[in-house]
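What's in data31.txt: compact mmCIF, C-alpha atoms and all ligand atoms
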# COMPACT_ATOMS: atom_id res chain seq x y z
CA LEU A 501 0.00 0.00 0.00
CA LYS A 502 1.16 3.49 -0.81
CA ARG A 503 2.30 5.43 2.24
CA LYS A 504 2.96 9.11 2.78
CA PRO A 505 6.66 10.06 2.83
CA SER A 506 8.00 9.83 6.37
CA SER A 507 8.61 12.96 8.41
CA ARG A 508 11.75 11.19 9.63
CA LEU A 509 13.86 12.54 6.78
CA LYS A 510 12.76 16.12 7.54
CA GLU A 511 13.65 15.56 11.21
CA LEU A 512 17.13 14.24 10.30
CA VAL A 513 17.79 17.22 8.01
CA ARG A 514 16.64 19.63 10.74
CA ARG A 515 18.93 17.97 13.26
CA ALA A 516 21.94 17.96 10.93
CA SER A 517 21.72 21.76 10.75
CA THR A 518 22.49 22.01 14.48
CA GLY A 519 25.90 20.35 14.17
CA PHE A 520 27.12 16.91 13.15
CA TYR A 521 28.01 15.60 16.62
CA ALA A 522 24.95 17.15 18.25
CA SER A 523 22.84 15.39 15.64
CA LEU A 524 24.76 12.13 16.12
CA LEU A 525 24.30 12.23 19.89
CA MET A 526 20.59 12.90 19.52
CA SER A 527 20.22 10.00 17.08
CA LYS A 528 22.00 7.74 19.56
CA MET A 529 19.59 8.85 22.27
CA GLU A 530 16.65 8.16 19.97
CA GLN A 531 17.99 4.69 19.17
CA GLY A 532 18.40 3.98 22.90
CA LEU A 533 14.79 4.93 23.53
CA ARG A 534 13.58 2.85 20.58
CA THR A 535 15.52 -0.26 21.69
CA ARG A 536 14.17 0.17 25.23
CA TRP A 537 10.59 0.61 24.02
CA ASN A 538 10.70 -2.40 21.68
CA ALA A 539 12.25 -4.58 24.41
CA ARG A 540 9.46 -3.51 26.73
CA GLN A 541 6.80 -4.32 24.16
CA ARG A 542 8.33 -7.74 23.49
CA ALA A 543 8.57 -8.49 27.22
CA ARG A 544 4.95 -7.45 27.64
CA ASP A 545 3.84 -9.69 24.78
CA LEU A 546 5.90 -12.63 26.09
CA ASN A 547 5.14 -12.31 29.81
CA SER A 548 1.61 -11.07 29.74
CA PRO A 549 -0.80 -13.44 31.47
CA ALA A 550 -3.20 -12.98 28.54
CA PRO A 551 -2.71 -12.19 24.85
CA LEU A 552 -4.79 -8.99 24.87
CA HIS A 553 -4.31 -5.90 26.98
CA VAL A 554 -7.01 -3.42 27.97
CA SER A 555 -5.27 -0.83 25.78
CA ASP A 556 -6.00 -3.06 22.74
CA LEU A 557 -9.73 -2.46 23.23
CA MET A 558 -9.74 1.29 23.78
CA GLY A 559 -10.49 4.17 21.47
CA ASN A 560 -13.44 5.94 19.92
CA GLU A 561 -13.45 3.42 17.08
CA PHE A 562 -13.21 -0.32 17.75
CA CYS A 563 -12.34 -2.97 15.15
CA LEU A 564 -12.91 -6.59 16.12
CA ARG A 565 -10.88 -7.70 13.10
CA GLN A 566 -7.84 -5.83 14.43
CA THR A 567 -8.33 -7.63 17.77
CA TRP A 568 -8.51 -10.94 15.86
CA TYR A 569 -5.17 -10.17 14.18
CA LYS A 570 -3.63 -9.29 17.52
CA LEU A 571 -4.67 -12.70 18.79
CA ASN A 572 -3.86 -14.75 15.71
CA GLU A 573 -0.95 -13.20 13.83
CA ALA A 574 2.22 -15.10 14.84
CA LYS A 575 4.09 -11.88 15.52
CA ARG A 576 2.76 -8.41 16.16
CA PRO A 577 4.45 -5.94 13.87
CA TYR A 578 6.53 -3.41 15.78
CA GLU A 579 6.19 0.04 14.27
CA LEU A 580 9.06 2.45 13.74
CA HIS A 581 7.82 5.05 16.21
CA SER A 582 8.84 8.67 15.75
CA TYR A 583 11.29 10.41 18.07
CA LYS A 584 8.44 12.67 19.23
CA LYS A 585 6.28 9.70 20.20
CA LEU A 586 9.17 7.95 21.98
CA MET A 587 9.88 11.12 24.00
CA THR A 588 6.18 11.51 24.82
CA TRP A 589 6.12 7.99 26.25
CA PHE A 590 9.34 8.63 28.15
CA ASP A 591 7.73 11.74 29.66
CA GLY A 592 4.77 9.57 30.64
CA ASP A 593 7.08 7.15 32.48
CA SER A 594 8.71 10.05 34.30
CA GLY A 595 5.28 11.42 35.32
CA GLU A 596 4.24 8.03 36.68
CA ALA A 597 7.48 7.70 38.69
CA GLN A 598 6.92 11.22 40.10
CA LEU A 599 3.34 10.42 41.11
CA LYS A 600 4.40 7.24 42.93
CA ARG A 601 7.10 9.22 44.76
CA LEU A 602 4.55 11.89 45.74
CA PHE A 603 2.20 9.22 47.14
CA ASP A 604 5.11 7.66 49.05
CA ILE A 605 6.07 11.06 50.50
CA ALA A 606 2.42 11.57 51.52
CA LYS A 607 2.41 8.06 53.05
CA VAL A 608 -0.43 6.79 50.89
CA PRO A 609 0.38 3.07 50.95
CA VAL A 610 0.56 0.91 47.88
CA ALA A 611 -1.84 -2.05 47.85
CA SER A 612 -0.34 -5.30 49.12
CA GLU A 613 0.80 -7.99 46.66
CA SER A 614 -2.25 -10.14 47.29
CA GLU A 615 -4.58 -7.17 46.75
CA LEU A 616 -2.78 -6.24 43.53
CA LYS A 617 -3.51 -9.55 41.82
CA GLN A 618 -6.04 -9.43 39.07
CA LYS A 619 -9.15 -11.10 40.32
CA LYS A 620 -10.64 -11.55 36.89
CA LEU A 621 -8.67 -12.17 33.76
CA VAL A 622 -11.66 -13.02 31.58
CA GLY A 623 -9.50 -15.53 29.71
CA ARG A 624 -7.92 -13.35 27.05
CA ILE A 625 -7.70 -9.89 28.57
CA SER A 626 -5.20 -8.49 31.04
CA GLY A 627 -4.67 -4.99 32.37
CA THR A 628 -2.06 -3.28 34.51
CA PRO A 629 -3.01 0.01 36.16
CA ASP A 630 -0.17 2.43 36.85
CA ASP A 631 -0.76 2.01 40.58
CA ILE A 632 -3.24 0.78 43.16
CA ARG A 633 -3.18 2.61 46.51
CA LEU A 634 -4.97 2.26 49.82
CA PHE A 635 -6.67 5.53 50.75
CA MET A 636 -9.40 6.12 53.35
CA SER A 637 -9.39 2.34 54.01
CA LYS A 638 -10.31 1.57 50.40
CA LEU A 639 -8.36 0.48 47.35
CA TRP A 640 -8.14 2.94 44.45
CA ILE A 641 -7.07 2.31 40.86
CA ILE A 642 -4.60 5.05 39.92
CA GLU A 643 -3.96 5.97 36.31
CA CYS A 644 -1.40 8.62 35.43
CA LYS A 645 -1.38 10.77 32.29
CA THR A 646 0.73 13.67 31.07
CA LEU A 647 -0.56 16.43 28.80
CA TYR A 648 0.85 19.53 27.16
CA ALA A 649 0.09 22.66 29.16
CA ALA A 650 -2.58 24.09 26.82
CA ALA A 651 -4.52 20.82 26.69
CA TRP A 652 -4.02 20.34 30.43
CA ARG A 653 -5.48 23.77 31.18
CA ARG A 654 -8.53 23.00 29.02
CA LEU A 655 -9.13 19.62 30.69
CA VAL A 656 -12.14 19.84 33.02
CA GLU A 657 -13.12 16.17 32.98
CA PRO A 658 -11.43 12.90 31.99
CA THR A 659 -11.53 12.05 28.28
CA ARG A 660 -13.60 9.08 27.08
CA GLN A 661 -10.37 7.13 26.47
CA TYR A 662 -9.08 7.76 30.00
CA LEU A 663 -12.42 6.53 31.34
CA GLN A 664 -12.41 3.44 29.10
CA GLN A 665 -9.04 2.45 30.52
CA VAL A 666 -9.74 3.06 34.20
CA ILE A 667 -13.21 1.52 34.06
CA SER A 668 -11.84 -1.62 32.37
CA TYR A 669 -9.31 -1.94 35.21
CA MET A 670 -12.12 -1.46 37.73
CA MET A 671 -14.01 -4.36 36.17
CA LEU A 672 -10.91 -6.59 35.96
CA TYR A 673 -9.84 -5.92 39.55
CA GLU A 674 -13.29 -5.52 41.09
CA ILE A 675 -12.34 -2.13 42.54
CA PRO A 676 -15.18 0.29 41.65
CA ARG A 677 -13.27 3.54 42.28
CA GLY A 678 -10.25 5.23 40.80
CA ILE A 679 -8.28 8.43 40.37
CA ILE A 680 -7.08 9.73 37.03
CA ALA A 681 -4.06 11.94 37.73
CA VAL A 682 -3.04 14.24 34.89
CA LYS A 683 0.21 16.18 34.93
CA GLY A 684 0.64 19.34 32.87
CA LYS A 685 3.97 19.16 31.13
CA ASP A 686 5.13 22.76 31.33
CA VAL A 687 3.23 23.74 34.45
CA SER A 688 4.54 21.14 36.93
CA GLU A 689 1.05 20.72 38.34
CA TRP A 690 -1.45 17.91 38.60
CA LYS A 691 -5.21 17.57 38.21
CA PHE A 692 -6.91 14.64 39.92
CA PHE A 693 -10.29 13.27 38.78
CA GLU A 694 -12.27 10.89 40.94
CA VAL A 695 -14.00 8.17 38.90
CA ARG A 696 -16.80 5.94 40.21
CA LEU A 697 -17.95 2.91 38.27
CA LYS A 698 -21.64 3.53 38.99
CA ARG A 699 -21.48 7.02 37.47
CA HIS A 700 -20.10 5.75 34.17
CA MET A 701 -22.24 2.74 33.39
CA ASP A 702 -22.35 3.68 29.68
CA VAL A 703 -18.56 3.34 29.45
CA ALA A 704 -18.66 0.17 31.57
CA ARG A 705 -21.24 -1.36 29.20
CA GLU A 706 -19.22 -0.32 26.14
CA MET A 707 -16.02 -1.89 27.49
CA ALA A 708 -17.80 -5.01 28.81
CA ASP A 709 -19.25 -5.49 25.32
CA ARG A 710 -15.81 -5.16 23.68
CA ILE A 711 -14.32 -7.60 26.22
CA ARG A 712 -17.19 -10.05 25.60
CA ARG A 713 -16.73 -9.88 21.81
CA ALA A 714 -12.94 -10.28 22.08
CA VAL A 715 -13.26 -13.25 24.45
CA GLY A 716 -15.79 -14.90 22.11
CA LEU A 717 -13.65 -14.65 18.95
CA ASP A 718 -13.30 -17.84 16.92
CA ASN A 719 -9.67 -18.36 15.82
CA THR A 720 -10.78 -19.76 12.44
CA ILE A 721 -13.09 -16.91 11.37
CA VAL A 722 -11.70 -13.47 10.47
CA PRO A 723 -14.29 -10.86 11.50
CA HIS A 724 -15.56 -8.32 8.99
CA ARG A 725 -13.50 -5.25 8.21
CA TYR A 726 -14.29 -2.08 10.16
CA CYS A 727 -12.60 0.29 7.68
CA LYS A 728 -14.06 0.80 4.23
CA LYS A 729 -10.71 1.65 2.60
CA PRO A 730 -7.00 1.74 3.53
CA SER A 731 -7.07 5.54 3.71
CA ASP A 732 -9.67 5.55 6.53
CA ARG A 733 -8.48 7.24 9.71
CA LYS A 734 -8.35 4.03 11.74
CA ALA A 735 -6.65 2.06 8.97
CA LYS A 736 -3.88 4.65 8.68
CA THR A 737 -2.63 3.83 12.19
CA CYS A 738 -3.46 0.12 12.13
CA PRO A 739 -0.37 -2.12 12.24
CA PHE A 740 -2.34 -4.79 10.34
CA ARG A 741 -3.43 -2.58 7.45
CA ASP A 742 -1.43 -4.49 4.84
CA VAL A 743 -2.46 -7.89 6.20
CA CYS A 744 -6.07 -6.74 6.21
CA PHE A 745 -6.30 -5.03 2.82
CA VAL A 746 -3.64 -6.92 0.82
CA ARG A 747 -3.12 -10.45 2.14
CA ASP A 748 -6.72 -10.88 3.25
CA ALA A 749 -8.22 -8.72 0.50
CA ALA A 750 -10.68 -11.47 -0.40
CA LYS A 751 -12.08 -11.59 3.14
CA PRO A 752 -14.67 -8.81 3.47
S1 LIG A 801 -7.15 -1.89 8.64
FE1 LIG A 801 -9.11 -1.26 9.60
S2 LIG A 801 -10.49 -2.98 9.24
FE2 LIG A 801 -8.41 -3.71 8.87
S3 LIG A 801 -7.79 -4.61 10.81
FE3 LIG A 801 -7.05 -2.52 10.79
S4 LIG A 801 -8.63 -1.32 11.79
FE4 LIG A 801 -9.55 -3.27 11.23

As structure tokens, please, write out the structure in this file.
Ligand code: SF4
Amino acid sequence: LKRKPSSRLKELVRRASTGFYASLLMSKMEQGLRTRWNARQRARDLNSPAPLHVSDLMGNEFCLRQTWYKLNEAKRPYELHSYKKLMTWFDGDSGEAQLKRLFDIAKVPVASESELKQKKLVGRISGTPDDIRLFMSKLWIIECKTLYAAAWRRLVEPTRQYLQQVISYMMLYEIPRGIIAVKGKDVSEWKFFEVRLKRHMDVAREMADRIRRAVGLDNTIVPHRYCKKPSDRKAKTCPFRDVCFVRDAAKP
């Protein structure tokens, strides 16, 4: 399939203009991040107690065929992520580490090992919240996000995707309460949103339905395509686009 020219070349040219060694050092840093990220992905795929993760079911658009490929393709393709994306994820890791440190300083205890175990795996789905803490004698799912300052300032309630993630964890761990903690990148501040399962039953139903459909997939039947054409928004970011539209072109 025809793809748009990568922005990678533009990035390399931009970097080269700042000095050869500066550019070389930055490329080395990028490679380090990429190797680390891919190793992490591989370890997650190998060690995960289930083949699908909650994050595989999230998003405004859901494609059961993509889920089928995730379950049945021998190897998940690893994308060549951009430097910007790698740095964004690295920032996310740093935010999560900071939040855990802040909770430790405030003496908000982490849940014990036995409490941390997933009570329900639903066969094919696993999920790992950023943290689970004991607060006011109750366990809380903690999910940490980082956002650029402008978006952070505008944020007055959790996005649908944040809710999908936390509510899926709530259902998997049987903990009906959580906190979504969002750090503003250039403002060094946090916003905390309290989330209760009973107030978001629409999201709970949506995610329960996706989990049910994923668990019920038959390994021998490829589900129907969600995208109409390879240029659809969802197809553009789908790692299985070629498999779906080229190799399996005959399967509707
Ligand atoms: S390209 Fe579209 S229809 Fe095909 S698997 Fe990916 S998301 Fe689903």

**Request:** Write out as a PyMOL selection string each polymer residue (protein, DNA or RNA) that has an atom no more than 8 Å from ligand LIG 801 (chain A), with only C-alpha atoms and all ligand atoms counted.
**Result:** chain A and resi 562-567+569+724-730+732+734-745

**Prompt:** Which residues come within 6 Å of Ala550 of chain A, counting only C-alpha atoms, excluding same-chain residues fewer than 5 positions away, as a ChimeraX atom specification?
**Reply:** /A:624-626

Let's have the selection written as a CSV table (one decimal), keeping the file's coordinate frame, with C-alpha atoms.
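Generated output (part_14.csv):
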chain,number,residue,atom,x,y,z
A,624,ARG,CA,-7.9,-13.4,27.0
A,625,ILE,CA,-7.7,-9.9,28.6
A,626,SER,CA,-5.2,-8.5,31.0

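Among A:Met701, A:Leu647, A:Leu509, A:Leu546, the residue with the shortest atom-to-atom distance to Lys685 of chain A, counting all atoms listed in the file, is A:Leu647.
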
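With all atoms listed in the file as the atoms that count, the residue of A:Thr646, A:Ser582, A:Lys528, A:Trp537 with the shortest distance to Lys510 of chain A is A:Ser582.
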
**Request:** Considering only C-alpha atoms, state which residue in the set A:Thr518, A:Gln661, A:Gln541, A:Gln598 is at the smallest distance from Glu706 of chain A.
**Result:**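 Closest to Glu706 of chain A, using only C-alpha atoms: A:Gln661.
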
**Message:** Taking all atoms listed in the file into account, name the residue in A:Pro629, A:Gly532, A:Gly678, A:Gly519 that is nearest to Met587 of chain A.
**Reply:**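 Residue with the minimum atom-to-atom distance to Met587 of chain A: A:Gly532.
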
**Message:** So that I can see what lies close to Thr535 of chain A, please list as an MDAnalysis selection string the residues with an atom at most 12 Å from it, counting only C-alpha atoms and leaving out residues fewer than 3 positions away in the same chain.
**Reply:** chainID A and resid 528:532 538:542 578:581 586

Serialized selection, C-alpha atoms, as a CSV table (one decimal), keeping the file's coordinate frame:
chain,number,residue,atom,x,y,z
A,528,LYS,CA,22.0,7.7,19.6
A,529,MET,CA,19.6,8.8,22.3
A,530,GLU,CA,16.6,8.2,20.0
A,531,GLN,CA,18.0,4.7,19.2
A,532,GLY,CA,18.4,4.0,22.9
A,538,ASN,CA,10.7,-2.4,21.7
A,539,ALA,CA,12.2,-4.6,24.4
A,540,ARG,CA,9.5,-3.5,26.7
A,541,GLN,CA,6.8,-4.3,24.2
A,542,ARG,CA,8.3,-7.7,23.5
A,578,TYR,CA,6.5,-3.4,15.8
A,579,GLU,CA,6.2,0.0,14.3
A,580,LEU,CA,9.1,2.4,13.7
A,581,HIS,CA,7.8,5.0,16.2
A,586,LEU,CA,9.2,8.0,22.0

Box in all listed atoms of segment 648-652 of chain A, axis-aligned, with 4 Å more on each side; write out centre and edge lengths in Å to one decimal as JSON.
{"center_x": -1.8, "center_y": 21.8, "center_z": 28.6, "size_x": 13.4, "size_y": 12.6, "size_z": 11.7}

**Request:** Could you tell me how far atom CA of Arg710 of chain A lies from atom CA of Tyr669 of chain A, in Å and to one decimal?
**Result:**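 It comes out at 13.6 Å.
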
**Message:** Can you pull out the residues contacting Gly716 of chain A? Cut-off 12 Å, using all atoms listed in the file, and skip same-chain residues under 3 positions away; I want them as a list of chain:residue names.
**Reply:**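 My list of contacting residues is A:Leu564, A:Thr567, A:Trp568, A:Leu571, A:Val622, A:Gly623, A:Arg624, A:Ile625, A:Asp709, A:Arg710, A:Ile711, A:Arg712, A:Arg713, A:Asn719, A:Thr720, A:Ile721, A:Pro723.
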
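Between atom CA of Ala708 of chain A and atom CA of Lys645 of chain A the interatomic distance comes to 23.0 Å.
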
**Prompt:** Between atom CA of Leu655 of chain A and atom CA of Asp591 of chain A, what is the distance, to one decimal in Å?
**Reply:** 18.6 Å

**Shell around Val656 of chain A at 9 Å using only C-alpha atoms, local window under 3 positions removed, as a list in words** =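 Those residues are Trp652, Arg653, Lys691 and Phe693 of chain A.
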
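Closest to Thr588 of chain A among A:Ala650, A:Val687, A:Leu533, A:Val746 is A:Leu533, based on only C-alpha atoms.
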
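Checking A:Arg601, A:Lys584, A:Arg660, A:Arg515 one by one against Val703 of chain A, counting all atoms listed in the file, you find the shortest gap at A:Arg660.
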